[in-house]
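Heads up, start00.csv below (CSV, C-alpha atoms):
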chain,number,residue,atom,x,y,z
A,581,MET,CA,97.1,108.1,101.9
A,582,PRO,CA,98.9,105.3,103.7
A,583,THR,CA,102.6,104.9,103.2
A,584,ALA,CA,103.4,102.9,100.0
A,585,LYS,CA,104.7,99.4,100.8
A,586,THR,CA,106.8,97.0,98.8
A,587,ILE,CA,104.7,93.9,98.3
A,588,VAL,CA,105.4,90.5,96.7
A,589,VAL,CA,102.3,88.5,95.4
A,590,THR,CA,102.8,85.0,94.2
A,591,GLY,CA,100.3,83.4,91.8
A,592,ALA,CA,99.8,86.8,90.3
A,593,SER,CA,99.4,85.7,86.7
A,594,SER,CA,95.6,85.1,87.2
A,595,GLY,CA,92.7,84.8,89.6
A,596,ILE,CA,92.9,86.2,93.1
A,597,GLY,CA,96.6,86.7,92.8
A,598,PHE,CA,96.3,88.9,89.8
A,599,GLU,CA,93.4,91.0,91.4
A,600,LEU,CA,95.5,91.4,94.5
A,601,ALA,CA,98.6,92.6,92.6
A,602,ARG,CA,96.5,94.9,90.3
A,603,ARG,CA,94.4,96.5,93.0
A,604,LEU,CA,97.3,97.0,95.5
A,605,TYR,CA,99.4,98.6,92.7
A,606,ASP,CA,96.4,100.9,92.0
A,607,ASP,CA,96.4,101.8,95.7
A,608,GLY,CA,99.9,103.2,95.2
A,609,HIS,CA,102.1,100.3,96.5
A,610,ARG,CA,105.1,98.9,94.8
A,611,VAL,CA,103.9,95.5,93.8
A,612,ILE,CA,106.1,92.7,92.4
A,613,GLY,CA,104.0,89.9,91.0
A,614,CYS,CA,105.4,86.4,90.4
A,615,SER,CA,104.5,83.0,89.1
A,616,ARG,CA,105.9,80.5,86.5
A,617,THR,CA,104.3,82.5,83.7
A,618,TYR,CA,103.4,86.1,82.9
A,619,PRO,CA,99.8,87.3,83.0
A,620,LYS,CA,97.8,87.1,79.9
A,621,GLN,CA,95.9,90.2,80.8
A,622,PRO,CA,97.4,93.7,80.6
A,623,TYR,CA,99.2,94.8,83.8
A,624,ASP,CA,101.3,97.7,85.2
A,625,PHE,CA,102.9,96.2,88.3
A,626,GLU,CA,106.4,94.7,88.2
A,627,TYR,CA,106.7,91.1,87.4
A,628,MET,CA,109.3,88.4,87.9
A,629,ILE,CA,109.3,84.7,87.1
A,630,CYS,CA,109.2,82.3,90.0
A,631,ASP,CA,108.2,78.6,89.8
A,632,LEU,CA,107.1,77.4,93.2
A,633,LYS,CA,107.7,73.8,92.2
A,634,GLN,CA,111.4,74.5,91.6
A,635,GLU,CA,113.7,75.3,94.6
A,636,SER,CA,116.3,76.8,92.2
A,637,SER,CA,113.7,79.1,90.7
A,638,MET,CA,112.7,80.4,94.1
A,639,VAL,CA,116.4,80.9,95.1
A,640,ASP,CA,117.1,82.8,91.8
A,641,PHE,CA,114.0,85.0,92.5
A,642,SER,CA,115.0,85.8,96.0
A,643,LYS,CA,118.6,86.7,94.9
A,644,ALA,CA,117.3,88.9,92.1
A,645,PHE,CA,114.8,90.6,94.4
A,646,SER,CA,117.4,91.2,97.1
A,647,LYS,CA,119.6,93.0,94.6
A,648,GLN,CA,116.8,95.5,93.9
A,649,HIS,CA,115.3,95.8,97.4
A,650,ASP,CA,116.7,96.2,100.9
A,651,HIS,CA,113.4,95.3,102.6
A,652,LEU,CA,110.0,93.7,102.0
A,653,ASP,CA,106.9,94.9,103.8
A,654,VAL,CA,104.4,92.3,102.7
A,655,LEU,CA,104.6,88.8,101.3
A,656,ILE,CA,101.3,87.5,100.0
A,657,ASN,CA,101.5,83.7,99.2
A,658,CYS,CA,98.5,83.3,96.9
A,659,ALA,CA,99.6,80.7,94.3
A,660,GLY,CA,97.5,77.6,94.4
A,661,MET,CA,96.1,74.7,92.4
A,662,GLY,CA,93.6,71.9,92.9
A,663,VAL,CA,93.1,68.3,91.8
A,664,ALA,CA,89.6,66.8,91.8
A,665,GLY,CA,89.0,63.1,91.9
A,666,ALA,CA,89.0,60.1,94.2
A,667,ILE,CA,92.0,59.6,96.5
A,668,GLU,CA,92.3,56.0,95.2
A,669,GLU,CA,92.7,57.3,91.6
A,670,THR,CA,95.0,60.3,92.3
A,671,SER,CA,98.7,59.8,91.3
A,672,TYR,CA,101.6,60.5,93.5
A,673,GLN,CA,102.8,63.2,91.1
A,674,GLN,CA,99.5,65.0,91.3
A,675,ALA,CA,99.5,64.9,95.0
A,676,LEU,CA,103.1,66.1,95.1
A,677,LYS,CA,102.5,69.0,92.7
A,678,THR,CA,99.5,70.2,94.8
A,679,HIS,CA,101.6,70.3,97.9
A,680,GLN,CA,104.6,71.8,96.1
A,681,ILE,CA,102.5,74.8,95.0
A,682,ASN,CA,100.1,75.1,97.9
A,683,VAL,CA,102.5,74.4,100.9
A,684,LEU,CA,106.1,73.8,100.1
A,685,GLY,CA,106.4,76.8,97.8
A,686,PRO,CA,105.0,79.3,100.3
A,687,PHE,CA,107.2,77.7,103.0
A,688,MET,CA,110.4,78.0,100.9
A,689,LEU,CA,109.7,81.5,99.5
A,690,THR,CA,108.9,82.8,103.0
A,691,GLN,CA,112.1,81.3,104.3
A,692,LEU,CA,114.2,82.9,101.6
A,693,LEU,CA,112.6,86.4,102.0
A,694,LEU,CA,112.5,86.5,105.8
A,695,PRO,CA,115.8,88.4,106.1
A,696,LEU,CA,114.2,91.2,103.9
A,697,LEU,CA,111.0,91.1,105.9
A,698,ARG,CA,112.9,91.5,109.2
A,699,ASN,CA,114.4,94.7,107.7
A,700,ALA,CA,110.9,96.3,107.3
A,701,SER,CA,108.7,98.1,109.7
A,702,ARG,CA,105.8,95.9,110.9
A,703,PRO,CA,106.3,93.3,108.1
A,704,LYS,CA,103.5,90.9,107.3
A,705,VAL,CA,103.2,87.5,105.6
A,706,ILE,CA,99.7,86.8,104.4
A,707,MET,CA,98.8,83.3,103.2
A,708,ILE,CA,95.7,82.8,101.0
A,709,GLY,CA,94.3,79.6,102.3
A,710,SER,CA,90.7,78.3,102.0
A,711,VAL,CA,87.7,77.3,104.0
A,712,ALA,CA,88.4,73.8,102.5
A,713,GLY,CA,91.3,73.7,104.9
A,714,VAL,CA,88.8,73.6,107.8
A,715,ILE,CA,86.1,71.5,106.1
A,716,SER,CA,87.6,68.6,104.1
A,717,ILE,CA,85.8,68.1,100.8
A,718,PRO,CA,85.5,64.6,99.3
A,719,PHE,CA,87.1,64.3,95.8
A,720,GLN,CA,89.1,67.4,96.6
A,721,ALA,CA,91.1,65.8,99.4
A,722,PHE,CA,94.6,67.0,98.4
A,723,TYR,CA,93.5,70.6,98.1
A,724,SER,CA,91.9,70.4,101.5
A,725,MET,CA,95.0,68.7,102.9
A,726,SER,CA,97.3,71.4,101.5
A,727,LYS,CA,95.2,74.3,102.8
A,728,ALA,CA,95.0,72.7,106.2
A,729,SER,CA,98.8,72.4,106.1
A,730,LEU,CA,99.1,76.1,105.1
A,731,ALA,CA,97.0,77.0,108.2
A,732,SER,CA,99.4,75.0,110.4
A,733,LEU,CA,102.4,76.6,108.8
A,734,THR,CA,100.8,80.0,109.6
A,735,GLU,CA,100.3,79.2,113.3
A,736,SER,CA,103.9,77.9,113.7
A,737,LEU,CA,105.4,80.9,111.8
A,738,ARG,CA,103.4,83.4,114.0
A,739,LEU,CA,105.1,82.0,117.1
A,740,GLU,CA,108.6,81.7,115.7
A,741,LEU,CA,108.6,85.1,114.1
A,742,LYS,CA,106.8,87.0,117.0
A,743,PRO,CA,110.1,88.2,118.6
A,744,PHE,CA,111.2,89.7,115.2
A,745,GLY,CA,107.9,91.6,114.7
A,746,VAL,CA,106.9,89.7,111.6
A,747,ASP,CA,103.2,89.1,111.7
A,748,VAL,CA,101.5,86.2,109.8
A,749,SER,CA,97.9,85.5,108.9
A,750,ASN,CA,95.9,82.9,107.0
A,751,VAL,CA,93.1,84.4,104.8
A,752,MET,CA,90.4,81.8,104.0
A,753,PRO,CA,88.0,82.5,101.1
A,754,GLY,CA,85.2,80.2,100.2
A,755,ASP,CA,83.9,79.8,96.7
A,756,THR,CA,85.3,82.7,94.6
A,757,LYS,CA,84.6,83.4,90.9
A,758,THR,CA,88.0,83.0,89.2
A,759,ASP,CA,89.6,80.9,86.4
A,760,PHE,CA,90.8,78.5,89.2
A,761,THR,CA,87.7,76.5,88.2
A,762,VAL,CA,89.0,76.1,84.6
A,763,HIS,CA,92.5,75.2,85.7
A,764,ARG,CA,91.6,72.6,88.2
A,765,GLN,CA,93.0,69.1,87.2
A,766,THR,CA,90.3,66.4,87.3
A,767,ASN,CA,90.5,62.7,87.4
A,768,VAL,CA,87.4,60.9,86.1
A,769,LEU,CA,88.3,57.5,84.8
A,770,THR,CA,85.9,55.9,82.4
A,771,ASP,CA,85.6,52.6,84.3
A,772,SER,CA,85.9,54.1,87.7
A,773,PRO,CA,83.5,52.9,90.5
A,774,TYR,CA,83.6,56.6,91.6
A,775,LYS,CA,82.8,58.0,88.2
A,776,ALA,CA,79.1,59.2,88.7
A,777,ARG,CA,79.9,60.6,92.2
A,778,VAL,CA,83.0,62.4,91.1
A,779,GLU,CA,81.2,64.0,88.2
A,780,ARG,CA,78.3,65.2,90.4
A,781,SER,CA,80.8,66.5,93.0
A,782,ILE,CA,82.8,68.4,90.4
A,783,LYS,CA,79.7,69.8,88.8
A,784,ARG,CA,78.6,71.1,92.2
A,785,MET,CA,82.0,72.6,92.9
A,786,GLU,CA,82.1,74.4,89.6
A,787,HIS,CA,78.6,75.7,90.0
A,788,ASP,CA,79.4,77.1,93.5
A,789,GLU,CA,82.6,78.7,92.2
A,790,ARG,CA,81.1,80.3,89.1
A,791,HIS,CA,78.4,81.8,91.4
A,792,GLY,CA,80.9,82.6,94.1
A,793,LYS,CA,82.1,85.9,95.5
A,794,ASP,CA,84.0,88.4,93.5
A,795,PRO,CA,87.8,88.3,94.1
A,796,ILE,CA,87.6,92.0,95.3
A,797,THR,CA,86.2,90.6,98.6
A,798,VAL,CA,89.6,88.9,99.2
A,799,VAL,CA,91.5,92.0,98.1
A,800,ASN,CA,89.5,94.1,100.6
A,801,VAL,CA,90.3,91.7,103.5
A,802,VAL,CA,94.0,91.8,102.6
A,803,ARG,CA,93.8,95.6,102.5
A,804,LYS,CA,92.4,95.7,106.0
A,805,LEU,CA,94.9,93.3,107.3
A,806,MET,CA,97.8,95.4,105.9
A,807,ARG,CA,96.6,98.3,108.0
A,808,LYS,CA,96.3,96.4,111.3
A,809,LYS,CA,99.0,96.6,113.9
A,810,ARG,CA,98.4,92.9,114.8
A,811,MET,CA,96.6,90.4,112.5
A,812,LYS,CA,94.4,87.5,113.5
A,813,ALA,CA,95.9,84.1,112.8
A,814,HIS,CA,92.9,83.1,110.6
A,815,VAL,CA,90.5,85.4,108.8
A,816,VAL,CA,87.5,83.9,106.9
A,817,VAL,CA,86.2,85.9,104.0
A,818,GLY,CA,82.5,86.7,104.0
A,819,PHE,CA,79.8,86.4,106.6
A,820,LYS,CA,78.3,83.2,105.1
A,821,TYR,CA,81.6,81.4,105.3
A,822,LYS,CA,82.3,82.7,108.8
A,823,VAL,CA,79.1,81.1,109.9
A,824,ILE,CA,79.9,77.8,108.1
A,825,VAL,CA,83.4,77.6,109.7
A,826,TRP,CA,81.9,78.5,113.1
A,827,LEU,CA,79.4,75.7,112.8
A,828,ALA,CA,81.9,73.2,111.4
A,829,LYS,CA,84.1,73.7,114.5
A,830,ARG,CA,81.1,73.1,116.9
A,831,LEU,CA,78.8,70.6,115.3
A,832,PRO,CA,79.3,66.9,116.1
A,833,MET,CA,81.4,65.2,113.4
A,834,ARG,CA,78.6,62.9,112.3
A,835,TRP,CA,76.4,66.0,111.5
A,836,ARG,CA,79.2,67.7,109.7
A,837,GLU,CA,79.9,64.6,107.6
A,838,ARG,CA,76.3,64.1,106.8
A,839,VAL,CA,76.0,67.7,105.4
A,840,VAL,CA,79.3,67.5,103.4
A,841,TYR,CA,78.5,64.1,102.1
A,842,LYS,CA,75.1,65.2,100.8
A,843,LEU,CA,76.6,68.2,99.1
A,844,TYR,CA,79.8,66.8,97.6
A,845,GLY,CA,80.1,63.0,98.3
A,846,LYS,CA,76.8,61.3,97.5
If you convert what's in this file into structure tokens, what do you get?
Amino acid sequence: MPTAKTIVVTGASSGIGFELARRLYDDGHRVIGCSRTYPKQPYDFEYMICDLKQESSMVDFSKAFSKQHDHLDVLINCAGMGVAGAIEETSYQQALKTHQINVLGPFMLTQLLLPLLRNASRPKVIMIGSVAGVISIPFQAFYSMSKASLASLTESLRLELKPFGVDVSNVMPGDTKTDFTVHRQTNVLTDSPYKARVERSIKRMEHDERHGKDPITVVNVVRKLMRKKRMKAHVVVGFKYKVIVWLAKRLPMRWRERVVYKLYGK
């Protein structure tokens, strides 16, 4: 059995984060889950409160964690949220909250925990991004923007942390069957000129997610990455989405826009 590692998983109260924390704990690792609330499901792994929208909460978490641990082997930034609706009708506060949780939180928590990561042997930071960070989705712009930013953060961190031996990777799932679908904030104004299109787009998103891949597929990718001496910068989950991302990077923009518009924008 591989050596047990000390692992922090953000967004561990539900969804992919909860499955990661639960399965990695079952693998024999010491797992500390965190988010702004405790899980509603039974759990055996350790848990600490940490609100990624609040700098003070992240500072308090890092101080409390440092008192109990002299190193951190793996940080998994999994917390995330989405807002669905037209850009024109999305409030500044909704856009800000999305980036606080999806980008600024992972940045700040990684920054705070880096001294402990440098104390570990072959430490790793794993971001849970999204295929939507590569393919921008209409009426889900701020989620796509935040996941694209997380990918850029990953690439910069890899270069800055390379001399210290801290490896960083961005894991990109596609549609995954979790309660993220239920928790997504939606903007559908009664008198909106976008109303019919937004409703069709959200309906398609929700259908794809409810029929998406099991979260264990993401867990298994993370397990493999944890065993690697050197991780790839970006790892797409699932053959179907690997093909989609490969095509998206190579097809002319007008073709790509035509396909995405037909699926989510029309």
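Atom CA of Leu632 of chain A to atom CA of Gly685 of chain A spans 4.7 Å [interatomic distance, one decimal].
Minimum atom-to-atom distances from A:Ile596, A:Val802, A:Val815, A:Ile824 to Thr756 of chain A were compared using all atoms listed in the file, and the lowest value belongs to A:Ile596.
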Proximity to Arg702 of chain A - best of A:Asp747, A:Asp640, A:Asp631, A:Asp606, all atoms listed in the file: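 For Arg702 of chain A, the nearest of the given residues is A:Asp747.
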field: Atomic separation - atom CA of Leu693 of chain A relative to atom CA of Arg610 of chain A, Å
entry: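 Computing it gives 16.3 Å between the two atoms.
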- request: Work out how far atom CA of Gly709 of chain A is from atom CA of Ser781 of chain A, in Å to one decimal.
  value: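 Computing it gives 21.0 Å between the two atoms.
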task: Compile the contact shell of segment 614-617 of chain A as a VMD selection string: residues with an atom at most 12 Å away, counting all atoms listed in the file, same-chain residues fewer than 2 positions apart removed.
output: chain A and resid 587 to 595 597 to 598 600 to 601 611 to 612 619 to 621 625 to 634 637 to 638 641 to 642 645 655 to 660 681 685 to 686 689
query: Nearest to Arg602 of chain A: which of A:Ile796, A:Leu694, A:Leu730, A:Val801 is it, counting all atoms listed in the file?
result: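 Nearest candidate to Arg602 of chain A out of A:Ile796, A:Leu694, A:Leu730, A:Val801: A:Ile796.
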field: Given all atoms listed in the file as the counted atoms, nearest of A:Leu692, A:Val778, A:Val798, A:Lys812 to Ala644 of chain A
entry: A:Leu692
message: Nearest residue to Ala728 of chain A out of A:His814, A:Lys677, A:Val663, A:Thr770, using all atoms listed in the file?
response: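 When distances to Ala728 of chain A are compared using all atoms listed in the file, the smallest one comes from A:His814.
Proximity of A:Tyr723, A:Ala666, A:Gly613, A:Val654 to Ala584 of chain A, computed with all atoms listed in the file, is greatest for A:Val654.
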